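Everything on this sheet refers to the single structure shown next.
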Amino acid sequence: MNITQLFITILMMVVATQFTRWLPFLIFPEQKAQPQWLNFLAQRLPYASLGLLLMYALKDVDLTKMPYGASELIAMGFITLIHTKYHNTLLSIGLGSLVYLVLFNVVF
Amino acid sequence: MVLKTLKKAFPYTLPVLTGYLFLGFSYGVLMNKTGFNLFWTSFMSLTVFAGAMQFAAIALLSSAFNPLSTFLVSLLINIRHLFYGMSVLDKYANSGKKRSFMIFGLTDETFSINAGVDLDESVHKKLFYFIVTLLNYLYWNIASILGHQLSFMIPDSIKGFEFVLTALFYVLFLNQWKIKAHRLYLLIGFVCTLVAFYLVGRAQFLLLAMILILFAMVIETKWRASR
């Protein structure tokens, strides 16, 4: 690609990305009264999206090869334990990631 | 006010800082190794500002010129943003000029923090959301520049730092799990995405996942109403 084509290609990505981020806000402007079904979504979608995001983050885990996702499974089990005990977000993320890195690089 | 909110917001963004340092760094390294100069690496981080998209972009930019296909692929990769926007419509309402930037920078990570956080009245909420968005934007851009410039010393030996972001999402998931009323929807989101993943594969399961989620939520509500 030449420079113009590179710019156009990147512009396409920007427009598509921004379209997906702006669309809900354009359909439902602040002043307009919001329909009932939007209220329905607002009560459910944030949590469903978090579930979607978690699965999305795990999509590259390879269950067909050693260690069959064991690093992720053990690290997440560990996070569940310390998070239930201490309820400290940063501590859970930090220690959980540490456990994962050791498992991923050293153990398996 | 700004400083106080910054102090409040910064700890929330620490996992993102760590995750972005490695992800943004990897992106910069890949861009450099693929043959792009610093301008393109940085220009994309400034304008596209979407992690998964920018990794896909490296392949798109290295292949034949096809703007329409680029546009469609980008839509599909980013389609999950629709759900994020819908989820924070109320939270982002009435934030004035800050709102445009908050919408521009609504990434997975910014969404997960801003949608998940429960702030008390002492915090200027809109400013908090704005600062989280801005900090994450800065981290991503700095990390991609660093990666580009330091690609000669790539840490090949140690891998798996991206897990910091998975851990972030998981802990936010657990935080919501504590609230019994939210559990069903967390599960609906996760299970529908899992099913979609097995049905259509890694490349484009998100669109199907979102349809399944909406479907499951409607069924669940109808079922509940009929009891």
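Letters A, B, ... go to the chains of the structure tokens in the order shown; residues in each chain start at 1; ligands are counted from 1 in the same order.
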Find the residues of chain B in contact range of chain A, meaning any atom within 6 Å when counting only C-alpha atoms, and list them as a PDB file with N, CA, C and O atoms, in the first residue's frame.
```pdb
ATOM      1  N   VAL B  48      -7.067   5.052  16.319  1.00  0.00           N
ATOM      2  CA  VAL B  48      -7.901   3.840  16.386  1.00  0.00           C
ATOM      3  C   VAL B  48      -8.204   3.517  17.847  1.00  0.00           C
ATOM      4  O   VAL B  48      -9.342   3.312  18.231  1.00  0.00           O
ATOM      5  N   PRO B  67     -10.516  -1.143   1.332  1.00  0.00           N
ATOM      6  CA  PRO B  67     -11.145  -0.355   2.394  1.00  0.00           C
ATOM      7  C   PRO B  67     -12.464  -0.942   2.884  1.00  0.00           C
ATOM      8  O   PRO B  67     -12.715  -0.943   4.090  1.00  0.00           O
ATOM      9  N   PHE B  71     -13.253  -2.084   6.647  1.00  0.00           N
ATOM     10  CA  PHE B  71     -14.352  -1.493   7.417  1.00  0.00           C
ATOM     11  C   PHE B  71     -15.202  -2.587   8.065  1.00  0.00           C
ATOM     12  O   PHE B  71     -15.523  -2.519   9.257  1.00  0.00           O
ATOM     13  N   SER B  74     -13.377  -4.457  10.822  1.00  0.00           N
ATOM     14  CA  SER B  74     -13.267  -3.598  11.999  1.00  0.00           C
ATOM     15  C   SER B  74     -14.585  -3.543  12.766  1.00  0.00           C
ATOM     16  O   SER B  74     -14.605  -3.567  13.997  1.00  0.00           O
ATOM     17  N   LEU B  75     -15.690  -3.473  12.030  1.00  0.00           N
ATOM     18  CA  LEU B  75     -17.007  -3.460  12.683  1.00  0.00           C
ATOM     19  C   LEU B  75     -17.200  -4.726  13.504  1.00  0.00           C
ATOM     20  O   LEU B  75     -17.636  -4.671  14.652  1.00  0.00           O
ATOM     21  N   ASN B  78     -15.112  -4.926  16.655  1.00  0.00           N
ATOM     22  CA  ASN B  78     -15.460  -3.955  17.689  1.00  0.00           C
ATOM     23  C   ASN B  78     -16.923  -3.972  18.101  1.00  0.00           C
ATOM     24  O   ASN B  78     -17.342  -3.159  18.920  1.00  0.00           O
ATOM     25  N   ILE B  79     -17.689  -4.905  17.541  1.00  0.00           N
ATOM     26  CA  ILE B  79     -19.135  -4.882  17.726  1.00  0.00           C
ATOM     27  C   ILE B  79     -19.538  -4.933  19.210  1.00  0.00           C
ATOM     28  O   ILE B  79     -20.566  -4.392  19.604  1.00  0.00           O
ATOM     29  N   HIS B  81     -18.515  -3.216  21.515  1.00  0.00           N
ATOM     30  CA  HIS B  81     -18.613  -1.856  22.065  1.00  0.00           C
ATOM     31  C   HIS B  81     -20.059  -1.377  22.180  1.00  0.00           C
ATOM     32  O   HIS B  81     -20.378  -0.568  23.041  1.00  0.00           O
ATOM     33  N   LEU B  82     -20.928  -1.877  21.289  1.00  0.00           N
ATOM     34  CA  LEU B  82     -22.342  -1.483  21.350  1.00  0.00           C
ATOM     35  C   LEU B  82     -22.913  -1.764  22.735  1.00  0.00           C
ATOM     36  O   LEU B  82     -23.634  -0.950  23.295  1.00  0.00           O
ATOM     37  N   GLY B  85     -21.559   0.766  25.361  1.00  0.00           N
ATOM     38  CA  GLY B  85     -22.241   2.058  25.273  1.00  0.00           C
ATOM     39  C   GLY B  85     -23.607   2.013  25.926  1.00  0.00           C
ATOM     40  O   GLY B  85     -23.961   2.862  26.730  1.00  0.00           O
ATOM     41  N   MET B  86     -24.369   0.945  25.582  1.00  0.00           N
ATOM     42  CA  MET B  86     -25.700   0.782  26.165  1.00  0.00           C
ATOM     43  C   MET B  86     -25.612   0.695  27.683  1.00  0.00           C
ATOM     44  O   MET B  86     -26.507   1.157  28.393  1.00  0.00           O
ATOM     45  N   SER B  87     -24.536   0.079  28.182  1.00  0.00           N
ATOM     46  CA  SER B  87     -24.406  -0.147  29.627  1.00  0.00           C
ATOM     47  C   SER B  87     -24.075   1.120  30.397  1.00  0.00           C
ATOM     48  O   SER B  87     -24.386   1.220  31.577  1.00  0.00           O
ATOM     49  N   VAL B 164      -2.794 -10.237  32.873  1.00  0.00           N
ATOM     50  CA  VAL B 164      -3.182  -9.181  33.813  1.00  0.00           C
ATOM     51  C   VAL B 164      -4.576  -8.651  33.469  1.00  0.00           C
ATOM     52  O   VAL B 164      -5.395  -8.407  34.363  1.00  0.00           O
ATOM     53  N   THR B 166      -6.960 -10.320  31.775  1.00  0.00           N
ATOM     54  CA  THR B 166      -7.927 -11.368  32.100  1.00  0.00           C
ATOM     55  C   THR B 166      -8.221 -11.347  33.599  1.00  0.00           C
ATOM     56  O   THR B 166      -9.378 -11.433  34.014  1.00  0.00           O
ATOM     57  N   ALA B 167      -7.170 -11.214  34.396  1.00  0.00           N
ATOM     58  CA  ALA B 167      -7.336 -11.162  35.853  1.00  0.00           C
ATOM     59  C   ALA B 167      -8.190  -9.966  36.254  1.00  0.00           C
ATOM     60  O   ALA B 167      -9.068 -10.077  37.122  1.00  0.00           O
ATOM     61  N   LEU B 168      -7.959  -8.819  35.595  1.00  0.00           N
ATOM     62  CA  LEU B 168      -8.774  -7.624  35.878  1.00  0.00           C
ATOM     63  C   LEU B 168     -10.245  -7.912  35.602  1.00  0.00           C
ATOM     64  O   LEU B 168     -11.111  -7.679  36.452  1.00  0.00           O
ATOM     65  N   PHE B 169     -10.534  -8.473  34.433  1.00  0.00           N
ATOM     66  CA  PHE B 169     -11.931  -8.750  34.084  1.00  0.00           C
ATOM     67  C   PHE B 169     -12.539  -9.758  35.058  1.00  0.00           C
ATOM     68  O   PHE B 169     -13.690  -9.637  35.455  1.00  0.00           O
ATOM     69  N   TYR B 185     -27.124 -12.728  35.115  1.00  0.00           N
ATOM     70  CA  TYR B 185     -26.732 -12.012  33.894  1.00  0.00           C
ATOM     71  C   TYR B 185     -25.245 -12.184  33.600  1.00  0.00           C
ATOM     72  O   TYR B 185     -24.836 -12.237  32.438  1.00  0.00           O
ATOM     73  N   LEU B 186     -24.444 -12.277  34.652  1.00  0.00           N
ATOM     74  CA  LEU B 186     -23.031 -12.583  34.445  1.00  0.00           C
ATOM     75  C   LEU B 186     -22.913 -13.941  33.744  1.00  0.00           C
ATOM     76  O   LEU B 186     -22.144 -14.105  32.795  1.00  0.00           O
ATOM     77  N   GLY B 189     -24.094 -13.873  30.063  1.00  0.00           N
ATOM     78  CA  GLY B 189     -23.055 -13.292  29.215  1.00  0.00           C
ATOM     79  C   GLY B 189     -21.941 -14.278  28.927  1.00  0.00           C
ATOM     80  O   GLY B 189     -21.516 -14.451  27.780  1.00  0.00           O
ATOM     81  N   PHE B 190     -21.480 -14.937  29.970  1.00  0.00           N
ATOM     82  CA  PHE B 190     -20.344 -15.849  29.817  1.00  0.00           C
ATOM     83  C   PHE B 190     -20.734 -17.081  29.001  1.00  0.00           C
ATOM     84  O   PHE B 190     -20.065 -17.447  28.041  1.00  0.00           O
ATOM     85  N   THR B 193     -21.509 -16.484  25.270  1.00  0.00           N
ATOM     86  CA  THR B 193     -20.286 -16.236  24.517  1.00  0.00           C
ATOM     87  C   THR B 193     -19.518 -17.535  24.297  1.00  0.00           C
ATOM     88  O   THR B 193     -18.967 -17.779  23.220  1.00  0.00           O
TER      89      THR B 193
END
```
Can you tell me, as a PyMOL selection string, what residues are no more than 12 Å from B:Phe49 when counting only C-alpha atoms, ignoring any on the same chain fewer than 2 positions away? (chain A and resi 10+13-18+21) or (chain B and resi 20+24+27+41-47+51-55+57+78+101+103-110+133-134+136-141+144)
Report the residues of chain B whose backbone DSSP state falls under helix (DSSP H, G or I), written as a VMD selection string. chain B and resid 2 to 34 38 to 47 51 to 62 67 to 78 81 to 92 98 to 104 108 to 116 125 to 149 151 to 153 163 to 177 180 to 200 206 to 225
Which is closest to A:Leu73 among A:Leu26, A:Tyr86, A:Pro35, A:Val61, if we use only C-alpha atoms?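 Ranking A:Leu26, A:Tyr86, A:Pro35, A:Val61 by distance to A:Leu73, first place goes to A:Val61.
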Skipping near chain neighbours, those fewer than 4 positions away, what residues fall within 8 Å of stretch 8-13 of chain B using only C-alpha atoms, listed as a PyMOL selection string? (chain A and resi 90) or (chain B and resi 4+17+113+128+131-132+135-136)
Limited to N, CA and C atoms, could you put the picked residues into a file as a PDB file, in the first residue's frame?
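Okay, this is what ended up in selection_17.pdb:
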```
ATOM      1  N   LEU A  90      -6.775  -4.976  43.756  1.00  0.00           N
ATOM      2  CA  LEU A  90      -5.394  -4.920  43.263  1.00  0.00           C
ATOM      3  C   LEU A  90      -4.571  -6.110  43.726  1.00  0.00           C
TER       4      LEU A  90
ATOM      5  N   LYS B   4      -7.872  15.399  43.597  1.00  0.00           N
ATOM      6  CA  LYS B   4      -8.527  14.460  44.513  1.00  0.00           C
ATOM      7  C   LYS B   4      -9.137  13.295  43.723  1.00  0.00           C
ATOM      8  N   LEU B  17      -2.751  -0.228  33.558  1.00  0.00           N
ATOM      9  CA  LEU B  17      -1.394   0.249  33.284  1.00  0.00           C
ATOM     10  C   LEU B  17      -0.467  -0.937  33.025  1.00  0.00           C
ATOM     11  N   ILE B 113     -13.912  -0.853  34.190  1.00  0.00           N
ATOM     12  CA  ILE B 113     -13.744  -0.066  35.416  1.00  0.00           C
ATOM     13  C   ILE B 113     -14.961   0.819  35.652  1.00  0.00           C
ATOM     14  N   PHE B 128     -14.315  11.375  37.390  1.00  0.00           N
ATOM     15  CA  PHE B 128     -13.692  10.080  37.621  1.00  0.00           C
ATOM     16  C   PHE B 128     -13.682   9.260  36.329  1.00  0.00           C
ATOM     17  N   ILE B 131     -11.250  10.763  33.859  1.00  0.00           N
ATOM     18  CA  ILE B 131      -9.840  10.562  34.208  1.00  0.00           C
ATOM     19  C   ILE B 131      -9.423   9.118  33.939  1.00  0.00           C
ATOM     20  N   VAL B 132     -10.296   8.155  34.255  1.00  0.00           N
ATOM     21  CA  VAL B 132      -9.991   6.756  33.954  1.00  0.00           C
ATOM     22  C   VAL B 132      -9.758   6.593  32.442  1.00  0.00           C
ATOM     23  N   LEU B 135      -6.371   8.376  31.505  1.00  0.00           N
ATOM     24  CA  LEU B 135      -5.182   7.647  31.963  1.00  0.00           C
ATOM     25  C   LEU B 135      -4.955   6.424  31.072  1.00  0.00           C
ATOM     26  N   ASN B 136      -6.026   5.669  30.807  1.00  0.00           N
ATOM     27  CA  ASN B 136      -5.876   4.477  29.981  1.00  0.00           C
ATOM     28  C   ASN B 136      -5.392   4.833  28.574  1.00  0.00           C
TER      29      ASN B 136
END
```
Shell of 8 Å around B:Val2, only C-alpha atoms, local chain residues under 3 positions omitted, as a compact mmCIF listing (two decimals) with N, CA and C atoms, in the first residue's frame:
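Output below, filename out_9.txt:
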```
# COMPACT_ATOMS: atom_id res chain seq x y z
N THR B 5 -9.78 13.62 42.60
CA THR B 5 -10.40 12.57 41.78
C THR B 5 -9.33 11.71 41.12
N LEU B 6 -8.23 12.36 40.73
CA LEU B 6 -7.11 11.62 40.13
C LEU B 6 -6.57 10.59 41.12
N LEU B 127 -16.08 13.24 36.39
CA LEU B 127 -14.65 13.51 36.31
C LEU B 127 -13.86 12.22 36.50
```
Pairwise distance, atom CA of B:Leu212 with atom CA of B:Ala196, equals 7.8 Å
Near B:Gln204, within 8 Å and counting only C-alpha atoms, which residues show up once chain neighbours fewer than 4 positions away are dropped, as a list in words?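 Using only C-alpha atoms, the neighbours found are Leu76, Ile77, Val200 and Leu208 of chain B.
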